[in-house]
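> One structure is given below, represented as structure tokens, and several questions about it will come after.
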Amino acid sequence: MAEIVAIKPPEGPVIARLDKGVLRLTLANPPANALSLAVMAALSAELDHAKANKSVRVIVLAAAGKVFCAGHDLKEMTARRADADKGKAFFEHTFSACAALMQAIVRHPLPIIAEVDGLATAAGLQLVASCDLAIASHEATFCTPGVNIGLFCSTPMVALSRNVSRKHAMEMLLTGETIDAATAKEFGLVNRVVPREYLNQIVTKYAQTIASKSSLVVKTGKEAFYAQAEMGLADAYAYTGRIMVENMLARDAEEGIGAFIGKRKPEWTDD
């Protein structure tokens, strides 16, 4: 029986459900699941709570409705143009909160999988690109359309350009055109594209497979992956060499290697 955690009103903005080590966070801010300040705060809070819950081993980020995430709440932002500073302070706060959320996903000790069904646009695409893995339905679509409305997708560009080639990133950013799921996979934005009716099942299988590993090893590997990606080649090898030594000295490495040699299933202690 799945356990409902972090109880919230039925309308959201983020619904959390924990089942067999997999925490499913569902954006529930219809119709567009826009990243208002309230939604970003709720999602950030759930991610923080997950760090302290040893029952959580993997996080899945999904969305209710036909749109995965339409990006920032432009109506919320436009309303603040009536402020004395024409909204400047609010805009700064919004983009700062979004940057903090995206970095929290990348720096989170647990793997985070985006389950994408529907449109992911602008900061919504940024959300997908910030996750460790992304699995999409055939009906999912993606775009960075800011150029079409006079607001270049500069912050989504950070996550996008760290997932796809420069030429593909610039194609999306300069044209603002929507790409389908197959193209997103070709670009490297998503890992797999599957039929909608099997999306949840396949994401759950991925999540449970990862959840079965040593959480210490997964945490170590995720942190090292993003850290070395920002280094030069020699520094990256020096850093990851130190990480490998530390990992070898962990109980789970001793157990895992012993189990492999002994041809038995390992029993993780997560330390």
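Following the order of the structure tokens, chains are lettered A, B, ..., residues in each are numbered from 1, and ligands are numbered from 1.
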For region 155-169 of chain A, list every protein, DNA or RNA residue within 6 Å, evaluated using only C-alpha atoms, and leave out those in the same chain fewer than 5 positions away; present the list as a PyMOL selection string.
chain A and resi 123+126+129-130+187-189
> Keeping only C-alpha atoms, write those residues as a short mmCIF file (atom, residue, chain, number, x, y, z; two decimals), in the first residue's frame.

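New file result-v2.cif:
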```cif
data_model
loop_
_atom_site.label_atom_id
_atom_site.label_comp_id
_atom_site.auth_asym_id
_atom_site.auth_seq_id
_atom_site.Cartn_x
_atom_site.Cartn_y
_atom_site.Cartn_z
CA ALA A 123 11.26 26.93 -17.59
CA GLN A 126 14.49 23.70 -17.95
CA ALA A 129 16.74 19.20 -18.49
CA SER A 130 17.76 19.65 -14.85
CA PHE A 187 18.95 15.87 -29.38
CA GLY A 188 19.73 14.15 -26.08
CA LEU A 189 17.13 15.96 -23.99
#
```
> Could you go through region 10-176 of chain A and tell me which residues DSSP, when run on the backbone, assigns to strand (DSSP E), listing them as a PyMOL selection string?
chain A and resi 14-19+22-27+58-63+67-69+112-116+119-121+133-137+141-143
> Select, from A:Leu173, A:Ala42, A:Leu216, A:Ile112, the residue with the minimum atom-to-atom distance to Arg251 (chain A), counting only C-alpha atoms.
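For Arg251 (chain A), the nearest of the candidates is A:Leu216.
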> Wanna dump the region 123-182 of chain A-region 197-204 of chain A contacts at 8 Å for me, each residue with its shortest atom pair and the distance in Å to one decimal, counting only C-alpha atoms, ordered by chain and number, as CSV?

```
residue,atom,partner,partner_atom,distance
A:Ile135,CA,A:Val203,CA,6.8
A:Ala136,CA,A:Leu199,CA,7.1
A:Ser137,CA,A:Leu199,CA,6.0
```
> Pick out each residue of region 192-258 of chain A that DSSP on the backbone tags as alpha helix (DSSP H); I need them as a ChimeraX atom specification.
/A:196-211,215-229,233-248,251-258
> What is the CA of Asp180 (chain A) to CA of Ile113 (chain A) distance in Å?
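Value for the CA of Asp180 (chain A)-CA of Ile113 (chain A) distance: 19.2 Å.
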> Quick one: contact table of region 209-247 of chain A to region 17-32 of chain A, 12 Å max, nearest atom pair and distance in Å to one decimal per residue, counting only C-alpha atoms, chain and number order, as CSV?

```
residue,atom,partner,partner_atom,distance
A:Thr209,CA,A:Val22,CA,10.3
A:Ile210,CA,A:Val22,CA,9.5
A:Ala211,CA,A:Gly21,CA,6.4
A:Ser212,CA,A:Gly21,CA,8.8
A:Lys213,CA,A:Gly21,CA,11.2
A:Ser215,CA,A:Gly21,CA,10.7
```
> Take the residues just selected and output them with C-alpha atoms as a PDB file, in the first residue's frame.

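What follows is the written file again.pdb:
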```pdb
ATOM      1  CA  THR A 209      15.860  -0.508 -10.453  1.00  0.00           C
ATOM      2  CA  ILE A 210      17.847   2.473  -9.188  1.00  0.00           C
ATOM      3  CA  ALA A 211      16.209   2.235  -5.757  1.00  0.00           C
ATOM      4  CA  SER A 212      17.541  -1.318  -5.427  1.00  0.00           C
ATOM      5  CA  LYS A 213      21.150  -0.057  -5.494  1.00  0.00           C
ATOM      6  CA  SER A 215      21.946   4.700  -1.800  1.00  0.00           C
TER       7      SER A 215
END
```
> Compile the contact shell of Ile105 (chain A) as a tab-separated table (two decimals) with all heavy atoms, in the first residue's frame: residues with an atom at most 12 Å away, counting only C-alpha atoms, same-chain residues fewer than 4 positions apart removed.

```tsv
chain	number	residue	atom	x	y	z
A	40	MET	N	7.03	26.73	-7.05
A	40	MET	CA	8.47	26.51	-6.86
A	40	MET	C	8.80	26.32	-5.39
A	40	MET	O	9.64	25.47	-5.04
A	40	MET	CB	9.26	27.68	-7.46
A	40	MET	CG	9.23	27.72	-8.98
A	40	MET	SD	10.43	28.89	-9.71
A	40	MET	CE	9.67	30.46	-9.29
A	43	LEU	N	7.62	22.75	-4.41
A	43	LEU	CA	8.50	21.72	-4.96
A	43	LEU	C	9.84	21.72	-4.23
A	43	LEU	O	10.37	20.65	-3.90
A	43	LEU	CB	8.69	21.96	-6.46
A	43	LEU	CG	9.50	20.91	-7.23
A	43	LEU	CD1	8.95	19.50	-6.99
A	43	LEU	CD2	9.52	21.24	-8.72
A	44	SER	N	10.36	22.89	-3.96
A	44	SER	CA	11.62	22.98	-3.22
A	44	SER	C	11.49	22.37	-1.83
A	44	SER	O	12.40	21.67	-1.36
A	44	SER	CB	12.05	24.45	-3.10
A	44	SER	OG	12.35	24.99	-4.36
A	45	ALA	N	10.36	22.61	-1.18
A	45	ALA	CA	10.13	22.07	0.16
A	45	ALA	C	10.07	20.55	0.13
A	45	ALA	O	10.63	19.88	1.01
A	45	ALA	CB	8.84	22.64	0.74
A	46	GLU	N	9.41	19.99	-0.88
A	46	GLU	CA	9.33	18.54	-0.99
A	46	GLU	C	10.71	17.92	-1.23
A	46	GLU	O	11.03	16.87	-0.68
A	46	GLU	CB	8.37	18.13	-2.12
A	46	GLU	CG	6.91	18.47	-1.88
A	46	GLU	CD	6.30	17.69	-0.73
A	46	GLU	OE1	6.96	16.78	-0.19
A	46	GLU	OE2	5.15	18.00	-0.36
A	47	LEU	N	11.51	18.58	-2.03
A	47	LEU	CA	12.86	18.08	-2.29
A	47	LEU	C	13.70	18.13	-1.01
A	47	LEU	O	14.47	17.20	-0.73
A	47	LEU	CB	13.53	18.92	-3.38
A	47	LEU	CG	12.93	18.78	-4.79
A	47	LEU	CD1	13.57	19.79	-5.74
A	47	LEU	CD2	13.12	17.37	-5.32
A	48	ASP	N	13.53	19.17	-0.22
A	48	ASP	CA	14.25	19.27	1.05
A	48	ASP	C	13.80	18.17	2.01
A	48	ASP	O	14.62	17.54	2.68
A	48	ASP	CB	14.03	20.64	1.69
A	48	ASP	CG	14.87	21.73	1.05
A	48	ASP	OD1	15.86	21.38	0.36
A	48	ASP	OD2	14.55	22.92	1.22
A	50	ALA	N	12.64	15.30	1.31
A	50	ALA	CA	13.09	13.99	0.83
A	50	ALA	C	14.50	13.68	1.29
A	50	ALA	O	14.85	12.51	1.50
A	50	ALA	CB	13.01	13.93	-0.69
A	51	LYS	N	15.32	14.71	1.45
A	51	LYS	CA	16.70	14.49	1.91
A	51	LYS	C	16.74	13.85	3.30
A	51	LYS	O	17.63	13.06	3.61
A	51	LYS	CB	17.46	15.82	1.97
A	51	LYS	CG	17.72	16.46	0.63
A	51	LYS	CD	18.47	17.78	0.84
A	51	LYS	CE	18.68	18.52	-0.45
A	51	LYS	NZ	19.35	19.82	-0.24
A	59	ILE	N	13.45	9.87	-6.73
A	59	ILE	CA	12.34	10.82	-6.89
A	59	ILE	C	11.91	10.84	-8.35
A	59	ILE	O	12.75	10.90	-9.26
A	59	ILE	CB	12.76	12.23	-6.45
A	59	ILE	CG1	13.11	12.24	-4.95
A	59	ILE	CG2	11.64	13.24	-6.73
A	59	ILE	CD1	13.71	13.55	-4.48
A	60	VAL	N	10.60	10.79	-8.56
A	60	VAL	CA	10.03	10.95	-9.90
A	60	VAL	C	9.26	12.25	-9.93
A	60	VAL	O	8.44	12.53	-9.04
A	60	VAL	CB	9.09	9.78	-10.26
A	60	VAL	CG1	8.33	10.07	-11.56
A	60	VAL	CG2	9.86	8.49	-10.39
A	61	LEU	N	9.53	13.08	-10.92
A	61	LEU	CA	8.83	14.35	-11.08
A	61	LEU	C	7.87	14.24	-12.25
A	61	LEU	O	8.29	14.04	-13.40
A	61	LEU	CB	9.84	15.48	-11.32
A	61	LEU	CG	9.27	16.89	-11.46
A	61	LEU	CD1	8.46	17.28	-10.24
A	61	LEU	CD2	10.40	17.89	-11.69
A	98	CYS	N	13.87	30.29	-9.18
A	98	CYS	CA	13.91	29.24	-10.19
A	98	CYS	C	15.32	28.67	-10.31
A	98	CYS	O	15.50	27.45	-10.39
A	98	CYS	CB	13.45	29.80	-11.53
A	98	CYS	SG	13.31	28.54	-12.83
A	99	ALA	N	16.32	29.54	-10.32
A	99	ALA	CA	17.71	29.07	-10.41
A	99	ALA	C	18.06	28.20	-9.22
A	99	ALA	O	18.74	27.17	-9.35
A	99	ALA	CB	18.66	30.27	-10.50
A	100	ALA	N	17.58	28.60	-8.03
A	100	ALA	CA	17.85	27.82	-6.82
A	100	ALA	C	17.18	26.45	-6.91
A	100	ALA	O	17.76	25.42	-6.51
A	100	ALA	CB	17.36	28.57	-5.59
A	101	LEU	N	15.96	26.40	-7.44
A	101	LEU	CA	15.25	25.13	-7.59
A	101	LEU	C	15.98	24.20	-8.55
A	101	LEU	O	16.16	23.01	-8.25
A	101	LEU	CB	13.83	25.39	-8.10
A	101	LEU	CG	13.02	24.17	-8.52
A	101	LEU	CD1	12.82	23.22	-7.34
A	101	LEU	CD2	11.66	24.60	-9.11
A	109	PRO	N	20.93	14.78	-3.38
A	109	PRO	CA	21.63	13.50	-3.22
A	109	PRO	C	20.92	12.31	-3.85
A	109	PRO	O	21.55	11.28	-4.08
A	109	PRO	CB	21.72	13.34	-1.69
A	109	PRO	CG	20.59	14.18	-1.16
A	109	PRO	CD	20.50	15.35	-2.09
A	110	LEU	N	19.64	12.47	-4.15
A	110	LEU	CA	18.88	11.36	-4.73
A	110	LEU	C	18.70	11.56	-6.24
A	110	LEU	O	18.58	12.70	-6.72
A	110	LEU	CB	17.49	11.26	-4.08
A	110	LEU	CG	17.48	10.98	-2.58
A	110	LEU	CD1	16.06	11.10	-2.04
A	110	LEU	CD2	18.06	9.61	-2.27
A	111	PRO	N	18.66	10.47	-7.00
A	111	PRO	CA	18.38	10.58	-8.44
A	111	PRO	C	16.96	11.10	-8.66
A	111	PRO	O	16.03	10.72	-7.93
A	111	PRO	CB	18.51	9.14	-8.94
A	111	PRO	CG	19.24	8.41	-7.87
A	111	PRO	CD	18.88	9.08	-6.59
A	112	ILE	N	16.80	11.96	-9.65
A	112	ILE	CA	15.48	12.53	-9.96
A	112	ILE	C	15.17	12.26	-11.43
A	112	ILE	O	15.95	12.61	-12.31
A	112	ILE	CB	15.45	14.04	-9.66
A	112	ILE	CG1	15.78	14.28	-8.17
A	112	ILE	CG2	14.08	14.62	-10.02
A	112	ILE	CD1	15.81	15.74	-7.79
A	113	ILE	N	14.03	11.63	-11.66
A	113	ILE	CA	13.60	11.25	-13.01
A	113	ILE	C	12.39	12.08	-13.41
A	113	ILE	O	11.39	12.13	-12.70
A	113	ILE	CB	13.23	9.76	-13.07
A	113	ILE	CG1	14.38	8.88	-12.57
A	113	ILE	CG2	12.83	9.36	-14.50
A	113	ILE	CD1	14.00	7.41	-12.42
A	114	ALA	N	12.46	12.73	-14.57
A	114	ALA	CA	11.31	13.46	-15.10
A	114	ALA	C	10.45	12.51	-15.92
A	114	ALA	O	10.95	11.81	-16.79
A	114	ALA	CB	11.77	14.62	-15.97
A	126	GLN	N	13.36	23.56	-18.87
A	126	GLN	CA	14.49	23.70	-17.95
A	126	GLN	C	14.38	22.68	-16.81
A	126	GLN	O	15.37	22.08	-16.39
A	126	GLN	CB	14.51	25.12	-17.40
A	126	GLN	CG	15.67	25.46	-16.48
A	126	GLN	CD	15.57	26.89	-15.96
A	126	GLN	OE1	14.57	27.58	-16.19
A	126	GLN	NE2	16.58	27.33	-15.25
A	127	LEU	N	13.17	22.48	-16.33
A	127	LEU	CA	12.91	21.52	-15.26
A	127	LEU	C	13.26	20.10	-15.72
A	127	LEU	O	13.93	19.35	-15.00
A	127	LEU	CB	11.44	21.60	-14.87
A	127	LEU	CG	10.99	20.93	-13.57
A	127	LEU	CD1	11.72	21.51	-12.37
A	127	LEU	CD2	9.48	21.08	-13.41
A	128	VAL	N	12.85	19.75	-16.93
A	128	VAL	CA	13.16	18.43	-17.49
A	128	VAL	C	14.66	18.25	-17.65
A	128	VAL	O	15.24	17.24	-17.26
A	128	VAL	CB	12.46	18.23	-18.85
A	128	VAL	CG1	12.90	16.91	-19.50
A	128	VAL	CG2	10.95	18.26	-18.69
A	129	ALA	N	15.31	19.27	-18.22
A	129	ALA	CA	16.74	19.20	-18.49
A	129	ALA	C	17.56	19.14	-17.21
A	129	ALA	O	18.68	18.61	-17.21
A	129	ALA	CB	17.18	20.39	-19.32
A	130	SER	N	17.03	19.65	-16.12
A	130	SER	CA	17.76	19.65	-14.85
A	130	SER	C	17.72	18.29	-14.15
A	130	SER	O	18.58	18.02	-13.31
A	130	SER	CB	17.19	20.73	-13.91
A	130	SER	OG	17.37	22.02	-14.44
A	131	CYS	N	16.74	17.47	-14.49
A	131	CYS	CA	16.62	16.15	-13.87
A	131	CYS	C	17.73	15.22	-14.38
A	131	CYS	O	18.27	15.42	-15.46
A	131	CYS	CB	15.25	15.55	-14.15
A	131	CYS	SG	13.89	16.40	-13.31
A	132	ASP	N	18.02	14.18	-13.61
A	132	ASP	CA	19.09	13.26	-13.97
A	132	ASP	C	18.71	12.39	-15.17
A	132	ASP	O	19.54	12.09	-16.01
A	132	ASP	CB	19.43	12.37	-12.77
A	132	ASP	CG	19.82	13.20	-11.56
A	132	ASP	OD1	20.78	13.98	-11.67
A	132	ASP	OD2	19.16	13.07	-10.52
A	133	LEU	N	17.46	11.96	-15.21
A	133	LEU	CA	16.94	11.18	-16.33
A	133	LEU	C	15.61	11.79	-16.75
A	133	LEU	O	14.93	12.43	-15.93
A	133	LEU	CB	16.72	9.72	-15.93
A	133	LEU	CG	17.92	8.90	-15.46
A	133	LEU	CD1	17.47	7.50	-15.04
A	133	LEU	CD2	18.98	8.81	-16.54
A	159	ALA	N	20.35	25.00	-18.51
A	159	ALA	CA	20.12	23.56	-18.41
A	159	ALA	C	20.09	22.90	-19.79
A	159	ALA	O	20.64	21.82	-19.99
A	159	ALA	CB	18.81	23.28	-17.67
A	222	LYS	N	26.28	10.38	-8.26
A	222	LYS	CA	25.59	11.55	-8.81
A	222	LYS	C	26.38	12.82	-8.51
A	222	LYS	O	26.59	13.65	-9.40
A	222	LYS	CB	24.18	11.66	-8.24
A	222	LYS	CG	23.47	12.94	-8.67
A	222	LYS	CD	22.04	13.03	-8.23
A	222	LYS	CE	21.46	14.41	-8.58
A	222	LYS	NZ	20.03	14.54	-8.29
A	223	GLU	N	26.82	12.96	-7.28
A	223	GLU	CA	27.58	14.15	-6.89
A	223	GLU	C	28.86	14.26	-7.71
A	223	GLU	O	29.21	15.34	-8.21
A	223	GLU	CB	27.92	14.08	-5.40
A	223	GLU	CG	28.69	15.29	-4.89
A	223	GLU	CD	28.99	15.21	-3.42
A	223	GLU	OE1	28.46	14.29	-2.74
A	223	GLU	OE2	29.76	16.05	-2.91
A	226	TYR	N	28.32	15.39	-11.63
A	226	TYR	CA	28.14	16.81	-11.91
A	226	TYR	C	29.37	17.63	-11.54
A	226	TYR	O	29.68	18.63	-12.21
A	226	TYR	CB	26.90	17.33	-11.20
A	226	TYR	CG	25.62	16.77	-11.80
A	226	TYR	CD1	24.85	15.85	-11.11
A	226	TYR	CD2	25.22	17.15	-13.08
A	226	TYR	CE1	23.70	15.31	-11.67
A	226	TYR	CE2	24.06	16.62	-13.65
A	226	TYR	CZ	23.30	15.71	-12.94
A	226	TYR	OH	22.17	15.17	-13.51
```
> Would you list the contacts of region 72-87 of chain A as a ChimeraX atom specification, taking every protein, DNA or RNA residue within 10 Å and counting only C-alpha atoms, but skipping same-chain residues closer than 6 positions in sequence?
/A:32-37,39-40,93-95,98,121-124
> From the set A:Met231, A:Gly71, A:Glu115, A:Val217, which residue has the shortest atom-to-atom contact distance to Cys153 (chain A), counting only C-alpha atoms?
A:Gly71
> Mind giving me the straight-line distance from CA of Phe90 (chain A) to CA of Met102 (chain A) in Å, one decimal?
18.4 Å
